[in-house]
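K.L.:
My file is run-v4.cif. It has mmCIF, C-alpha atoms and all ligand atoms:
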data_input
loop_
_atom_site.group_PDB
_atom_site.id
_atom_site.type_symbol
_atom_site.label_atom_id
_atom_site.label_comp_id
_atom_site.auth_asym_id
_atom_site.auth_seq_id
_atom_site.Cartn_x
_atom_site.Cartn_y
_atom_site.Cartn_z
ATOM 1 C CA MET A 1 -83.704 11.134 -108.835
ATOM 2 C CA ALA A 2 -82.691 7.480 -108.752
ATOM 3 C CA ALA A 3 -79.021 6.995 -107.927
ATOM 4 C CA GLU A 4 -76.670 4.118 -107.315
ATOM 5 C CA PRO A 5 -75.818 3.749 -103.614
ATOM 6 C CA ALA A 6 -72.179 3.589 -102.546
ATOM 7 C CA LEU A 7 -70.381 3.678 -99.209
ATOM 8 C CA GLY A 8 -66.774 4.296 -98.188
ATOM 9 C CA LEU A 9 -64.820 4.641 -94.957
ATOM 10 C CA HIS A 10 -61.364 5.362 -93.620
ATOM 11 C CA GLY A 11 -59.896 4.390 -90.270
ATOM 12 C CA GLY A 12 -56.951 6.768 -90.282
ATOM 13 C CA CYS A 13 -53.749 6.981 -92.289
ATOM 14 C CA GLY A 14 -50.128 6.693 -91.239
ATOM 15 C CA THR A 15 -46.999 4.634 -91.449
ATOM 16 C CA LEU A 16 -48.974 1.614 -90.204
ATOM 17 C CA ASP A 17 -45.771 -0.324 -89.455
ATOM 18 C CA ARG A 18 -46.663 -3.970 -90.057
ATOM 19 C CA SER A 19 -44.487 -5.080 -87.128
ATOM 20 C CA LEU A 20 -46.690 -3.161 -84.656
ATOM 21 C CA MET A 21 -49.393 -5.839 -84.771
ATOM 22 C CA SER A 22 -49.590 -9.585 -85.392
ATOM 23 C CA GLU A 23 -51.126 -10.924 -88.624
ATOM 24 C CA ALA A 24 -54.177 -11.936 -86.580
ATOM 25 C CA GLU A 25 -54.573 -8.362 -85.322
ATOM 26 C CA TRP A 26 -54.281 -6.926 -88.844
ATOM 27 C CA ALA A 27 -56.914 -9.419 -89.995
ATOM 28 C CA GLU A 28 -59.164 -8.393 -87.104
ATOM 29 C CA SER A 29 -58.824 -4.708 -88.003
ATOM 30 C CA ARG A 30 -59.861 -5.526 -91.579
ATOM 31 C CA ALA A 31 -62.792 -7.575 -90.259
ATOM 32 C CA HIS A 32 -63.945 -4.553 -88.244
ATOM 33 C CA VAL A 33 -63.714 -2.390 -91.378
ATOM 34 C CA ALA A 34 -65.901 -4.958 -93.164
ATOM 35 C CA ASP A 35 -68.381 -5.021 -90.249
ATOM 36 C CA ALA A 36 -68.643 -1.231 -90.376
ATOM 37 C CA LEU A 37 -69.311 -1.323 -94.117
ATOM 38 C CA ARG A 38 -71.992 -3.981 -93.656
ATOM 39 C CA ALA A 39 -73.698 -1.827 -91.015
ATOM 40 C CA GLY A 40 -73.861 1.144 -93.387
ATOM 41 C CA TRP A 41 -74.874 -0.976 -96.349
ATOM 42 C CA ALA A 42 -77.745 -2.510 -94.379
ATOM 43 C CA VAL A 43 -79.198 1.011 -94.312
ATOM 44 C CA LEU A 44 -78.521 1.876 -97.971
ATOM 45 C CA SER A 45 -79.661 -1.437 -99.460
ATOM 46 C CA LYS A 46 -83.076 -1.044 -97.815
ATOM 47 C CA GLY A 47 -83.455 2.381 -99.392
ATOM 48 C CA GLY A 48 -82.377 4.203 -96.210
ATOM 49 C CA ALA A 49 -80.716 7.602 -95.977
ATOM 50 C CA ALA A 50 -77.022 8.307 -96.581
ATOM 51 C CA LEU A 51 -77.009 10.193 -93.285
ATOM 52 C CA ASP A 52 -78.126 7.093 -91.361
ATOM 53 C CA ALA A 53 -75.628 4.955 -93.280
ATOM 54 C CA VAL A 54 -72.577 7.075 -92.367
ATOM 55 C CA GLN A 55 -73.686 7.175 -88.740
ATOM 56 C CA ALA A 56 -74.164 3.384 -88.582
ATOM 57 C CA THR A 57 -70.747 2.867 -90.189
ATOM 58 C CA VAL A 58 -68.913 5.201 -87.817
ATOM 59 C CA VAL A 59 -70.583 3.691 -84.728
ATOM 60 C CA VAL A 60 -68.994 0.293 -85.519
ATOM 61 C CA LEU A 61 -65.570 1.902 -85.938
ATOM 62 C CA GLU A 62 -65.993 3.862 -82.687
ATOM 63 C CA ASP A 63 -66.722 0.603 -80.859
ATOM 64 C CA SER A 64 -63.591 -1.117 -82.242
ATOM 65 C CA PRO A 65 -60.312 -0.786 -80.292
ATOM 66 C CA HIS A 66 -58.376 -0.721 -83.562
ATOM 67 C CA PHE A 67 -59.262 2.849 -84.404
ATOM 68 C CA ASN A 68 -58.650 6.174 -82.748
ATOM 69 C CA ALA A 69 -62.280 7.071 -82.087
ATOM 70 C CA GLY A 70 -64.592 6.046 -79.252
ATOM 71 C CA PHE A 71 -63.235 2.895 -77.516
ATOM 72 C CA GLY A 72 -59.462 2.888 -78.078
ATOM 73 C CA ALA A 73 -59.181 6.647 -78.659
ATOM 74 C CA ALA A 74 -55.944 8.590 -78.259
ATOM 75 C CA LEU A 75 -55.028 10.235 -74.947
ATOM 76 C CA THR A 76 -54.268 13.863 -74.166
ATOM 77 C CA GLU A 77 -50.987 14.891 -72.521
ATOM 78 C CA ASN A 78 -52.796 14.399 -69.168
ATOM 79 C CA GLY A 79 -53.853 10.841 -70.002
ATOM 80 C CA THR A 80 -57.510 11.824 -70.483
ATOM 81 C CA HIS A 81 -59.750 11.499 -73.538
ATOM 82 C CA GLU A 82 -61.295 14.402 -75.461
ATOM 83 C CA LEU A 83 -63.297 13.166 -78.421
ATOM 84 C CA ASP A 84 -64.405 15.097 -81.509
ATOM 85 C CA SER A 85 -67.034 14.159 -84.101
ATOM 86 C CA SER A 86 -69.195 15.655 -86.823
ATOM 87 C CA ILE A 87 -71.824 14.686 -89.374
ATOM 88 C CA MET A 88 -73.210 16.511 -92.407
ATOM 89 C CA ASP A 89 -76.236 16.033 -94.624
ATOM 90 C CA GLY A 90 -75.403 16.880 -98.241
ATOM 91 C CA ALA A 91 -79.081 17.288 -99.120
ATOM 92 C CA THR A 92 -79.787 20.172 -96.748
ATOM 93 C CA LEU A 93 -76.273 21.237 -95.635
ATOM 94 C CA ALA A 94 -77.471 20.633 -92.084
ATOM 95 C CA ALA A 95 -74.573 19.635 -89.846
ATOM 96 C CA GLY A 96 -73.839 18.769 -86.232
ATOM 97 C CA ALA A 97 -70.668 18.316 -84.206
ATOM 98 C CA VAL A 98 -69.285 17.818 -80.717
ATOM 99 C CA ALA A 99 -65.765 18.584 -79.506
ATOM 100 C CA GLY A 100 -63.823 17.626 -76.399
ATOM 101 C CA VAL A 101 -66.450 15.214 -75.106
ATOM 102 C CA GLN A 102 -65.500 12.677 -72.441
ATOM 103 C CA ARG A 103 -68.494 10.500 -71.575
ATOM 104 C CA ILE A 104 -70.453 9.770 -74.769
ATOM 105 C CA ARG A 105 -69.895 6.204 -75.920
ATOM 106 C CA ASN A 106 -70.534 7.081 -79.579
ATOM 107 C CA PRO A 107 -69.712 10.741 -80.242
ATOM 108 C CA VAL A 108 -71.096 10.523 -83.799
ATOM 109 C CA LYS A 109 -74.568 9.926 -82.341
ATOM 110 C CA ALA A 110 -74.175 13.107 -80.305
ATOM 111 C CA ALA A 111 -73.130 15.019 -83.443
ATOM 112 C CA ARG A 112 -76.286 13.718 -85.110
ATOM 113 C CA ALA A 113 -78.443 14.739 -82.125
ATOM 114 C CA VAL A 114 -76.971 18.258 -82.288
ATOM 115 C CA MET A 115 -77.720 18.386 -86.007
ATOM 116 C CA ASP A 116 -81.269 17.129 -85.555
ATOM 117 C CA SER A 117 -81.945 19.721 -82.837
ATOM 118 C CA GLY A 118 -81.321 22.490 -85.362
ATOM 119 C CA ARG A 119 -80.277 24.820 -82.519
ATOM 120 C CA ALA A 120 -76.496 24.602 -82.925
ATOM 121 C CA VAL A 121 -73.871 23.160 -85.232
ATOM 122 C CA LEU A 122 -71.092 22.571 -82.675
ATOM 123 C CA LEU A 123 -71.389 21.827 -78.952
ATOM 124 C CA LEU A 124 -68.376 21.790 -76.679
ATOM 125 C CA GLY A 125 -67.031 19.728 -73.761
ATOM 126 C CA ALA A 126 -69.090 19.164 -70.619
ATOM 127 C CA ALA A 127 -72.118 20.917 -72.122
ATOM 128 C CA ALA A 128 -72.057 18.519 -75.065
ATOM 129 C CA ASP A 129 -71.751 15.562 -72.683
ATOM 130 C CA SER A 130 -74.798 16.646 -70.710
ATOM 131 C CA TYR A 131 -76.713 17.436 -73.901
ATOM 132 C CA ALA A 132 -76.084 13.853 -75.065
ATOM 133 C CA GLU A 133 -77.108 12.465 -71.685
ATOM 134 C CA LYS A 134 -80.371 14.387 -71.817
ATOM 135 C CA ALA A 135 -80.909 13.152 -75.373
ATOM 136 C CA GLY A 136 -80.800 9.610 -73.975
ATOM 137 C CA LEU A 137 -77.520 8.510 -75.538
ATOM 138 C CA ASP A 138 -75.398 5.734 -74.046
ATOM 139 C CA MET A 139 -73.015 7.345 -71.494
ATOM 140 C CA VAL A 140 -69.815 5.740 -70.145
ATOM 141 C CA ALA A 141 -67.130 6.477 -67.551
ATOM 142 C CA PRO A 142 -64.220 8.352 -69.197
ATOM 143 C CA ASP A 143 -61.841 5.402 -68.729
ATOM 144 C CA TYR A 144 -64.110 3.210 -70.881
ATOM 145 C CA PHE A 145 -62.220 4.607 -73.906
ATOM 146 C CA THR A 146 -58.755 3.678 -72.579
ATOM 147 C CA THR A 147 -56.873 0.702 -73.997
ATOM 148 C CA GLN A 148 -53.404 -0.542 -72.978
ATOM 149 C CA ARG A 149 -52.158 0.137 -76.500
ATOM 150 C CA ARG A 150 -52.913 3.866 -76.205
ATOM 151 C CA VAL A 151 -51.467 4.027 -72.669
ATOM 152 C CA ASP A 152 -48.228 2.456 -73.948
ATOM 153 C CA ALA A 153 -48.211 4.788 -76.961
ATOM 154 C CA LEU A 154 -48.615 7.838 -74.719
ATOM 155 C CA ALA A 155 -45.741 6.701 -72.457
ATOM 156 C CA ASN A 156 -43.622 6.122 -75.556
ATOM 157 C CA LEU A 157 -44.416 9.561 -76.968
ATOM 158 C CA LYS A 158 -43.634 11.270 -73.650
ATOM 159 C CA ARG A 159 -40.288 9.436 -73.510
ATOM 160 C CA ARG A 160 -39.548 10.474 -77.079
ATOM 161 C CA ALA A 161 -40.472 14.080 -76.299
ATOM 162 C CA LEU A 162 -37.860 14.082 -73.499
ATOM 163 C CA GLU A 163 -35.279 12.480 -75.781
ATOM 164 C CA GLY A 164 -36.115 14.872 -78.613
ATOM 165 C CA THR A 165 -37.080 12.010 -80.971
ATOM 166 C CA ALA A 166 -40.856 12.617 -81.088
ATOM 167 C CA ALA A 167 -40.724 13.110 -84.859
ATOM 168 C CA LYS A 168 -39.583 9.493 -85.241
ATOM 169 C CA ALA A 169 -42.661 8.037 -83.490
ATOM 170 C CA SER A 170 -44.800 5.920 -85.794
ATOM 171 C CA GLU A 171 -47.938 7.601 -87.076
ATOM 172 C CA ALA A 172 -50.020 4.832 -85.524
ATOM 173 C CA GLU A 173 -48.697 5.805 -82.070
ATOM 174 C CA LYS A 174 -49.635 9.406 -82.674
ATOM 175 C CA HIS A 175 -53.019 9.653 -84.331
ATOM 176 C CA GLY A 176 -55.786 8.172 -86.507
ATOM 177 C CA THR A 177 -59.448 8.979 -87.081
ATOM 178 C CA VAL A 178 -62.469 7.299 -88.592
ATOM 179 C CA GLY A 179 -64.884 8.601 -91.169
ATOM 180 C CA ALA A 180 -67.501 7.559 -93.682
ATOM 181 C CA VAL A 181 -69.172 8.879 -96.828
ATOM 182 C CA ALA A 182 -72.338 7.562 -98.455
ATOM 183 C CA ARG A 183 -74.726 8.128 -101.339
ATOM 184 C CA ASP A 184 -78.229 6.758 -101.123
ATOM 185 C CA ARG A 185 -80.818 5.775 -103.749
ATOM 186 C CA HIS A 186 -82.121 9.326 -103.856
ATOM 187 C CA GLY A 187 -78.692 10.710 -104.705
ATOM 188 C CA ASN A 188 -78.290 12.258 -101.266
ATOM 189 C CA LEU A 189 -74.713 12.465 -99.970
ATOM 190 C CA ALA A 190 -73.543 12.467 -96.340
ATOM 191 C CA ALA A 191 -70.267 12.410 -94.431
ATOM 192 C CA ALA A 192 -69.263 11.755 -90.807
ATOM 193 C CA THR A 193 -65.962 11.794 -88.920
ATOM 194 C CA SER A 194 -64.958 10.798 -85.368
ATOM 195 C CA THR A 195 -61.613 10.932 -83.566
ATOM 196 C CA GLY A 196 -59.652 11.012 -80.338
ATOM 197 C CA GLY A 197 -57.304 13.501 -82.008
ATOM 198 C CA PHE A 198 -53.652 12.589 -81.481
ATOM 199 C CA ASN A 199 -51.768 11.022 -78.591
ATOM 200 C CA ASN A 200 -50.163 13.512 -76.192
ATOM 201 C CA LYS A 201 -52.294 16.348 -77.623
ATOM 202 C CA PRO A 202 -52.665 19.495 -75.508
ATOM 203 C CA VAL A 203 -55.691 19.481 -73.210
ATOM 204 C CA GLY A 204 -58.446 21.523 -74.863
ATOM 205 C CA ARG A 205 -57.079 21.113 -78.374
ATOM 206 C CA VAL A 206 -59.767 20.710 -81.037
ATOM 207 C CA GLY A 207 -58.826 19.221 -84.408
ATOM 208 C CA ASP A 208 -60.377 19.321 -87.848
ATOM 209 C CA SER A 209 -62.755 16.390 -87.368
ATOM 210 C CA PRO A 210 -65.594 18.390 -85.750
ATOM 211 C CA ILE A 211 -65.007 21.425 -87.968
ATOM 212 C CA ILE A 212 -67.418 21.443 -90.902
ATOM 213 C CA GLY A 213 -65.463 22.212 -94.067
ATOM 214 C CA ALA A 214 -62.113 21.143 -92.570
ATOM 215 C CA GLY A 215 -62.443 17.459 -91.653
ATOM 216 C CA THR A 216 -65.974 16.801 -92.925
ATOM 217 C CA TYR A 217 -68.103 18.149 -95.757
ATOM 218 C CA ALA A 218 -71.035 16.961 -97.890
ATOM 219 C CA ARG A 219 -73.067 18.646 -100.552
ATOM 220 C CA ASN A 220 -75.437 16.932 -102.958
ATOM 221 C CA GLY A 221 -74.322 16.954 -106.567
ATOM 222 C CA ILE A 222 -70.715 17.739 -105.574
ATOM 223 C CA CYS A 223 -69.128 15.377 -103.055
ATOM 224 C CA ALA A 224 -68.947 13.976 -99.529
ATOM 225 C CA VAL A 225 -65.549 14.046 -97.782
ATOM 226 C CA SER A 226 -64.060 12.817 -94.480
ATOM 227 C CA CYS A 227 -60.398 13.531 -93.738
ATOM 228 C CA THR A 228 -57.569 12.121 -91.637
ATOM 229 C CA GLY A 229 -54.160 13.553 -90.769
ATOM 230 C CA MET A 230 -52.775 16.333 -88.552
ATOM 231 C CA GLY A 231 -55.909 18.429 -88.167
ATOM 232 C CA GLU A 232 -54.245 21.826 -87.793
ATOM 233 C CA PHE A 233 -53.292 21.756 -91.483
ATOM 234 C CA PHE A 234 -56.738 20.588 -92.583
ATOM 235 C CA ILE A 235 -58.268 23.501 -90.686
ATOM 236 C CA ARG A 236 -55.865 26.029 -92.243
ATOM 237 C CA ARG A 237 -56.531 24.718 -95.744
ATOM 238 C CA VAL A 238 -60.274 24.162 -95.127
ATOM 239 C CA ALA A 239 -59.427 20.843 -96.730
ATOM 240 C CA ALA A 240 -62.762 19.048 -97.103
ATOM 241 C CA TYR A 241 -64.470 22.155 -98.448
ATOM 242 C CA ASP A 242 -61.530 22.829 -100.762
ATOM 243 C CA VAL A 243 -62.167 19.473 -102.436
ATOM 244 C CA ALA A 244 -65.815 20.495 -102.967
ATOM 245 C CA ALA A 245 -64.834 23.977 -104.185
ATOM 246 C CA ARG A 246 -62.353 22.587 -106.698
ATOM 247 C CA ILE A 247 -65.104 20.393 -108.132
ATOM 248 C CA SER A 248 -67.852 23.017 -108.175
ATOM 249 C CA TYR A 249 -65.876 26.170 -109.076
ATOM 250 C CA ALA A 250 -62.871 24.842 -110.974
ATOM 251 C CA GLY A 251 -64.649 21.948 -112.676
ATOM 252 C CA GLN A 252 -62.082 19.434 -111.463
ATOM 253 C CA SER A 253 -62.966 15.755 -111.262
ATOM 254 C CA ILE A 254 -63.373 14.327 -107.774
ATOM 255 C CA ASP A 255 -60.233 12.285 -108.393
ATOM 256 C CA GLU A 256 -58.149 15.329 -109.359
ATOM 257 C CA ALA A 257 -59.525 17.529 -106.575
ATOM 258 C CA SER A 258 -58.843 15.008 -103.797
ATOM 259 C CA ARG A 259 -55.426 14.078 -105.187
ATOM 260 C CA VAL A 260 -54.315 17.710 -105.304
ATOM 261 C CA LEU A 261 -55.273 18.148 -101.640
ATOM 262 C CA VAL A 262 -53.624 14.955 -100.401
ATOM 263 C CA HIS A 263 -50.554 14.750 -102.652
ATOM 264 C CA GLU A 264 -49.788 18.438 -103.163
ATOM 265 C CA THR A 265 -51.478 20.862 -100.744
ATOM 266 C CA LEU A 266 -51.212 18.777 -97.539
ATOM 267 C CA ALA A 267 -48.136 16.781 -98.559
ATOM 268 C CA GLY A 268 -46.477 20.177 -99.009
ATOM 269 C CA TYR A 269 -46.487 20.566 -95.213
ATOM 270 C CA GLY A 270 -44.677 17.244 -94.831
ATOM 271 C CA ILE A 271 -47.671 15.630 -93.117
ATOM 272 C CA GLY A 272 -49.410 12.326 -93.656
ATOM 273 C CA ALA A 273 -52.876 12.940 -95.070
ATOM 274 C CA GLY A 274 -55.749 10.893 -96.373
ATOM 275 C CA MET A 275 -59.450 11.122 -97.077
ATOM 276 C CA ILE A 276 -62.435 9.140 -98.253
ATOM 277 C CA VAL A 277 -64.436 10.949 -100.936
ATOM 278 C CA LEU A 278 -67.574 10.156 -102.909
ATOM 279 C CA GLY A 279 -69.131 12.098 -105.744
ATOM 280 C CA ALA A 280 -72.630 12.463 -107.153
ATOM 281 C CA GLU A 281 -71.967 9.274 -109.114
ATOM 282 C CA GLY A 282 -69.311 6.571 -109.260
ATOM 283 C CA ASP A 283 -67.374 4.759 -106.552
ATOM 284 C CA PRO A 284 -65.647 6.068 -103.409
ATOM 285 C CA LEU A 285 -62.008 7.155 -103.715
ATOM 286 C CA ALA A 286 -59.497 6.870 -100.885
ATOM 287 C CA PRO A 287 -56.335 8.883 -101.617
ATOM 288 C CA PHE A 288 -53.534 8.939 -99.004
ATOM 289 C CA ASN A 289 -49.881 9.931 -99.063
ATOM 290 C CA THR A 290 -48.604 7.563 -96.356
ATOM 291 C CA LEU A 291 -47.691 3.869 -96.375
ATOM 292 C CA GLY A 292 -51.176 2.900 -95.423
ATOM 293 C CA MET A 293 -54.692 3.915 -94.522
ATOM 294 C CA TYR A 294 -57.380 1.711 -93.018
ATOM 295 C CA ARG A 295 -60.088 1.930 -95.621
ATOM 296 C CA GLY A 296 -62.906 0.120 -97.329
ATOM 297 C CA TRP A 297 -65.817 0.663 -99.641
ATOM 298 C CA ILE A 298 -68.837 -0.945 -101.223
ATOM 299 C CA ASP A 299 -69.024 0.147 -104.833
ATOM 300 C CA THR A 300 -72.041 0.735 -107.059
ATOM 301 C CA ALA A 301 -71.960 -2.947 -108.102
ATOM 302 C CA GLY A 302 -72.310 -3.932 -104.413
ATOM 303 C CA HIS A 303 -68.738 -5.281 -104.132
ATOM 304 C CA MET A 304 -66.830 -4.824 -100.885
ATOM 305 C CA THR A 305 -63.116 -4.015 -100.740
ATOM 306 C CA VAL A 306 -61.054 -3.498 -97.561
ATOM 307 C CA ALA A 307 -57.394 -2.550 -97.145
ATOM 308 C CA THR A 308 -54.780 -1.349 -94.694
ATOM 309 C CA HIS A 309 -51.679 -1.023 -96.882
ATOM 310 C CA HIS A 310 -51.437 -0.939 -100.671
ATOM 311 C CA GLU A 311 -52.866 -4.377 -101.403
ATOM 312 C CA LEU A 312 -56.653 -4.547 -101.685
ATOM 313 C CA HIS A 313 -58.759 -7.391 -100.243
ATOM 314 C CA HIS A 314 -61.817 -8.006 -102.395
ATOM 315 C CA LEU A 315 -64.547 -9.554 -100.279
ATOM 316 C CA GLY A 316 -67.176 -10.091 -102.955
ATOM 317 C CA HIS A 317 -70.767 -9.026 -103.320
ATOM 318 C CA VAL A 318 -72.722 -7.775 -100.314
ATOM 319 C CA THR A 319 -76.451 -8.301 -100.234
HETATM 320 N N1 LIG B 401 -57.542 14.647 -87.949
HETATM 321 C C1 LIG B 401 -57.384 14.175 -86.599
HETATM 322 C C2 LIG B 401 -57.139 15.352 -85.701
HETATM 323 O O1 LIG B 401 -56.310 16.177 -86.019
HETATM 324 C C3 LIG B 401 -56.279 13.206 -86.402
HETATM 325 C C4 LIG B 401 -56.037 12.223 -87.493
HETATM 326 O O2 LIG B 401 -56.837 12.046 -88.385
HETATM 327 O O3 LIG B 401 -55.016 11.551 -87.465
HETATM 328 O O4 LIG B 401 -57.716 15.413 -84.644
#
Go ahead and render the structure in this file as structure tokens.
P.N.:
Amino acid sequence: MAAEPALGLHGGCGTLDRSLMSEAEWAESRAHVADALRAGWAVLSKGGAALDAVQATVVVLEDSPHFNAGFGAALTENGTHELDSSIMDGATLAAGAVAGVQRIRNPVKAARAVMDSGRAVLLLGAAADSYAEKAGLDMVAPDYFTTQRRVDALANLKRRALEGTAAKASEAEKHGTVGAVARDRHGNLAAATSTGGFNNKPVGRVGDSPIIGAGTYARNGICAVSCTGMGEFFIRRVAAYDVAARISYAGQSIDEASRVLVHETLAGYGIGAGMIVLGAEGDPLAPFNTLGMYRGWIDTAGHMTVATHHELHHLGHVT
């Protein structure tokens, strides 16, 4: 079945206080979003698979210090990193994930290796690290992921916790995540998500990002979804799968289904929530209930759009 390719990503939602970064830094974060989209589109425009496109997109975001995934990831309460990632193939419902990994430069590649092995869906901690090493993936020292910005944010959150003002911390200090959805020429859908979780998280805590159905889901003919926001609520509401279920069982449009989740179900807990979603046809949608969400997409006409807050930056046609 011939289909029109499309690609979308998010880089986490939150208050995204403009004063936290200079204009040059905001521009750089948007440039990294555009680079990630180009990497995924290079796969799709050559007739490649949606699965490869979401992986290529997420790898670029993991390598950027602007996003809470891979390099620049959030820190646990002990000042260490525990990274979570997953990937899902909408054509076969095959999926792979890793949680609590500490040495894999690009956790999404490890999620893909787990998926391709067919022996497990989710691998954990040190075992996942050594699995990735044996699979030949690029390994790094755990402090490779640490940036001064996250160290400062952790110190700030610990101070706030002592003062009892943790709730007032900006969302950007606390969390973030990256994710991508794609549809290829064959109509196959795929989704991938990668995160450091949230700053000051308990050691051993696993969020929604590596949980298939919570933070990531893809099924051909229905939708591909990658979520961002406080993962505990996405797990409880099986958020990504709920979007798919609303479409397939309740006949809702992808727009309605994702809006209900973000603006009603998850907003009802008082949390910031966002997602990137893509259906069997049409363009990606990026609903969020906060002041901003790093996001971008290349639509079926091949036009790229990137954004951090409400205004959209149209970057023209991508070849
Ligand atoms: N969903 C991520 C987690 O809970 C965090 C986020 O997206 O902000 O680990």
K.L.:
Would you tabulate, counting only C-alpha atoms and all ligand atoms, all residues of chain A that have an atom at most 9 Å from an atom of ligand LIG 401 (chain B), showing the closest pair of atoms and their distance in Å to one decimal, sorted by chain then ascending number, as a Markdown table?
P.N.:
| residue | atom | partner | partner_atom | distance |
| --- | --- | --- | --- | --- |
| A:Gly11 | CA | B:LIG401 | O2 | 8.5 |
| A:Gly12 | CA | B:LIG401 | O2 | 5.6 |
| A:Cys13 | CA | B:LIG401 | O3 | 6.8 |
| A:Gly14 | CA | B:LIG401 | O3 | 7.9 |
| A:Asn68 | CA | B:LIG401 | O3 | 8.0 |
| A:Leu83 | CA | B:LIG401 | O4 | 8.7 |
| A:Asp84 | CA | B:LIG401 | O4 | 7.4 |
| A:Glu171 | CA | B:LIG401 | O3 | 8.1 |
| A:Ala172 | CA | B:LIG401 | O3 | 8.6 |
| A:Lys174 | CA | B:LIG401 | O3 | 7.5 |
| A:His175 | CA | B:LIG401 | O3 | 4.2 |
| A:Gly176 | CA | B:LIG401 | O3 | 3.6 |
| A:Thr177 | CA | B:LIG401 | O2 | 4.2 |
| A:Val178 | CA | B:LIG401 | O2 | 7.4 |
| A:Thr193 | CA | B:LIG401 | N1 | 8.9 |
| A:Ser194 | CA | B:LIG401 | C1 | 8.4 |
| A:Thr195 | CA | B:LIG401 | O4 | 6.0 |
| A:Gly196 | CA | B:LIG401 | O4 | 6.5 |
| A:Gly197 | CA | B:LIG401 | O4 | 3.3 |
| A:Phe198 | CA | B:LIG401 | C3 | 5.6 |
| A:Lys201 | CA | B:LIG401 | O4 | 8.9 |
| A:Arg205 | CA | B:LIG401 | O4 | 8.5 |
| A:Val206 | CA | B:LIG401 | O4 | 6.7 |
| A:Gly207 | CA | B:LIG401 | O4 | 4.0 |
| A:Asp208 | CA | B:LIG401 | O1 | 5.5 |
| A:Ser209 | CA | B:LIG401 | N1 | 5.5 |
| A:Pro210 | CA | B:LIG401 | O4 | 8.5 |
| A:Gly215 | CA | B:LIG401 | N1 | 6.8 |
| A:Cys227 | CA | B:LIG401 | N1 | 6.6 |
| A:Thr228 | CA | B:LIG401 | O2 | 3.3 |
| A:Gly229 | CA | B:LIG401 | O2 | 3.9 |
| A:Met230 | CA | B:LIG401 | O1 | 4.4 |
| A:Gly231 | CA | B:LIG401 | O1 | 3.1 |
| A:Glu232 | CA | B:LIG401 | O1 | 6.3 |
| A:Phe233 | CA | B:LIG401 | O1 | 8.4 |
| A:Phe234 | CA | B:LIG401 | N1 | 7.6 |
| A:Ile235 | CA | B:LIG401 | O1 | 8.9 |
| A:Gly272 | CA | B:LIG401 | O3 | 8.4 |
| A:Ala273 | CA | B:LIG401 | O2 | 7.8 |
| A:Gly274 | CA | B:LIG401 | O2 | 8.1 |
K.L.:
Could you tell me which residues the PyMOL selection byres (((chain A and resi 278-292) around 6) and not hetatm) returns for this structure, as a PyMOL selection string?
P.N.:
chain A and resi 8+13-16+221-224+272-277+293+299+308-309
K.L.:
What does the distance between CA of Ala120 (chain A) and CA of Ala94 (chain A) come to in Å, to one decimal place?
P.N.:
10.0 Å
K.L.:
Which is closer to Val33 (chain A) than all the others in A:Leu123, A:Val238, A:Leu9, A:Leu20, using all atoms listed in the file?
P.N.:
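Distance minimum relative to Val33 (chain A) lands on A:Leu9.
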K.L.:
CA of Ala56 (chain A) and CA of Gln102 (chain A), how far apart in Å?
P.N.:
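Pair CA of Gln102 (chain A) / CA of Ala56 (chain A) returns 20.5 Å.
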K.L.:
What would the selection look like, as a ChimeraX atom specification, if the PyMOL selection byres (((chain A and resi 219) around 8) and not hetatm) were run on the coordinates I just shared?
P.N.:
/A:89-93,189-190,217-218,220-224,244
K.L.:
For Ala36 (chain A), which residue among A:Ser22, A:Asn106, A:Ser64, A:Ser117 is the nearest when counting all atoms listed in the file?
P.N.:
A:Ser64
K.L.:
Just how far from CA of Arg259 (chain A) is CA of Ala307 (chain A), in Å to one decimal?
P.N.:
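Answer for the CA of Ala307 (chain A) to CA of Arg259 (chain A) separation: 18.6 Å.
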K.L.:
Translate the PyMOL selection byres (((chain A and resi 38-41) around 8) and not hetatm), as applied to the file shown, into an explicit residue set as an MDAnalysis selection string.
P.N.:
chainID A and resid 7 34:37 42:45 52:57 60 298 318
K.L.:
So which one's closest to Ala99 (chain A), A:Ala180, A:Ala301, A:Val262, A:Val203? Using only C-alpha atoms, please.
P.N.:
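The answer is A:Val203, which sits nearest to Ala99 (chain A).
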K.L.:
Which residue is closest to His313 (chain A)? Choose from A:His263, A:Arg295, A:His186, A:Arg236 and count all atoms listed in the file.
P.N.:
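The answer is A:Arg295, which sits nearest to His313 (chain A).
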K.L.:
Give me the residues within 12 Å of Gly79 (chain A) as a short mmCIF file (atom, residue, chain, number, x, y, z; two decimals) with C-alpha atoms, keeping the file's coordinate frame, counting all atoms listed in the file and dropping any in the same chain fewer than 2 places off.
P.N.:
data_model
loop_
_atom_site.label_atom_id
_atom_site.label_comp_id
_atom_site.auth_asym_id
_atom_site.auth_seq_id
_atom_site.Cartn_x
_atom_site.Cartn_y
_atom_site.Cartn_z
CA ALA A 73 -59.18 6.65 -78.66
CA ALA A 74 -55.94 8.59 -78.26
CA LEU A 75 -55.03 10.24 -74.95
CA THR A 76 -54.27 13.86 -74.17
CA GLU A 77 -50.99 14.89 -72.52
CA HIS A 81 -59.75 11.50 -73.54
CA GLU A 82 -61.30 14.40 -75.46
CA PRO A 142 -64.22 8.35 -69.20
CA ASP A 143 -61.84 5.40 -68.73
CA PHE A 145 -62.22 4.61 -73.91
CA THR A 146 -58.76 3.68 -72.58
CA THR A 147 -56.87 0.70 -74.00
CA GLN A 148 -53.40 -0.54 -72.98
CA ARG A 150 -52.91 3.87 -76.20
CA VAL A 151 -51.47 4.03 -72.67
CA ASP A 152 -48.23 2.46 -73.95
CA ALA A 153 -48.21 4.79 -76.96
CA LEU A 154 -48.62 7.84 -74.72
CA ALA A 155 -45.74 6.70 -72.46
CA LEU A 157 -44.42 9.56 -76.97
CA LYS A 158 -43.63 11.27 -73.65
CA GLY A 196 -59.65 11.01 -80.34
CA PHE A 198 -53.65 12.59 -81.48
CA ASN A 199 -51.77 11.02 -78.59
CA ASN A 200 -50.16 13.51 -76.19
CA LYS A 201 -52.29 16.35 -77.62
CA PRO A 202 -52.66 19.50 -75.51
CA VAL A 203 -55.69 19.48 -73.21
#
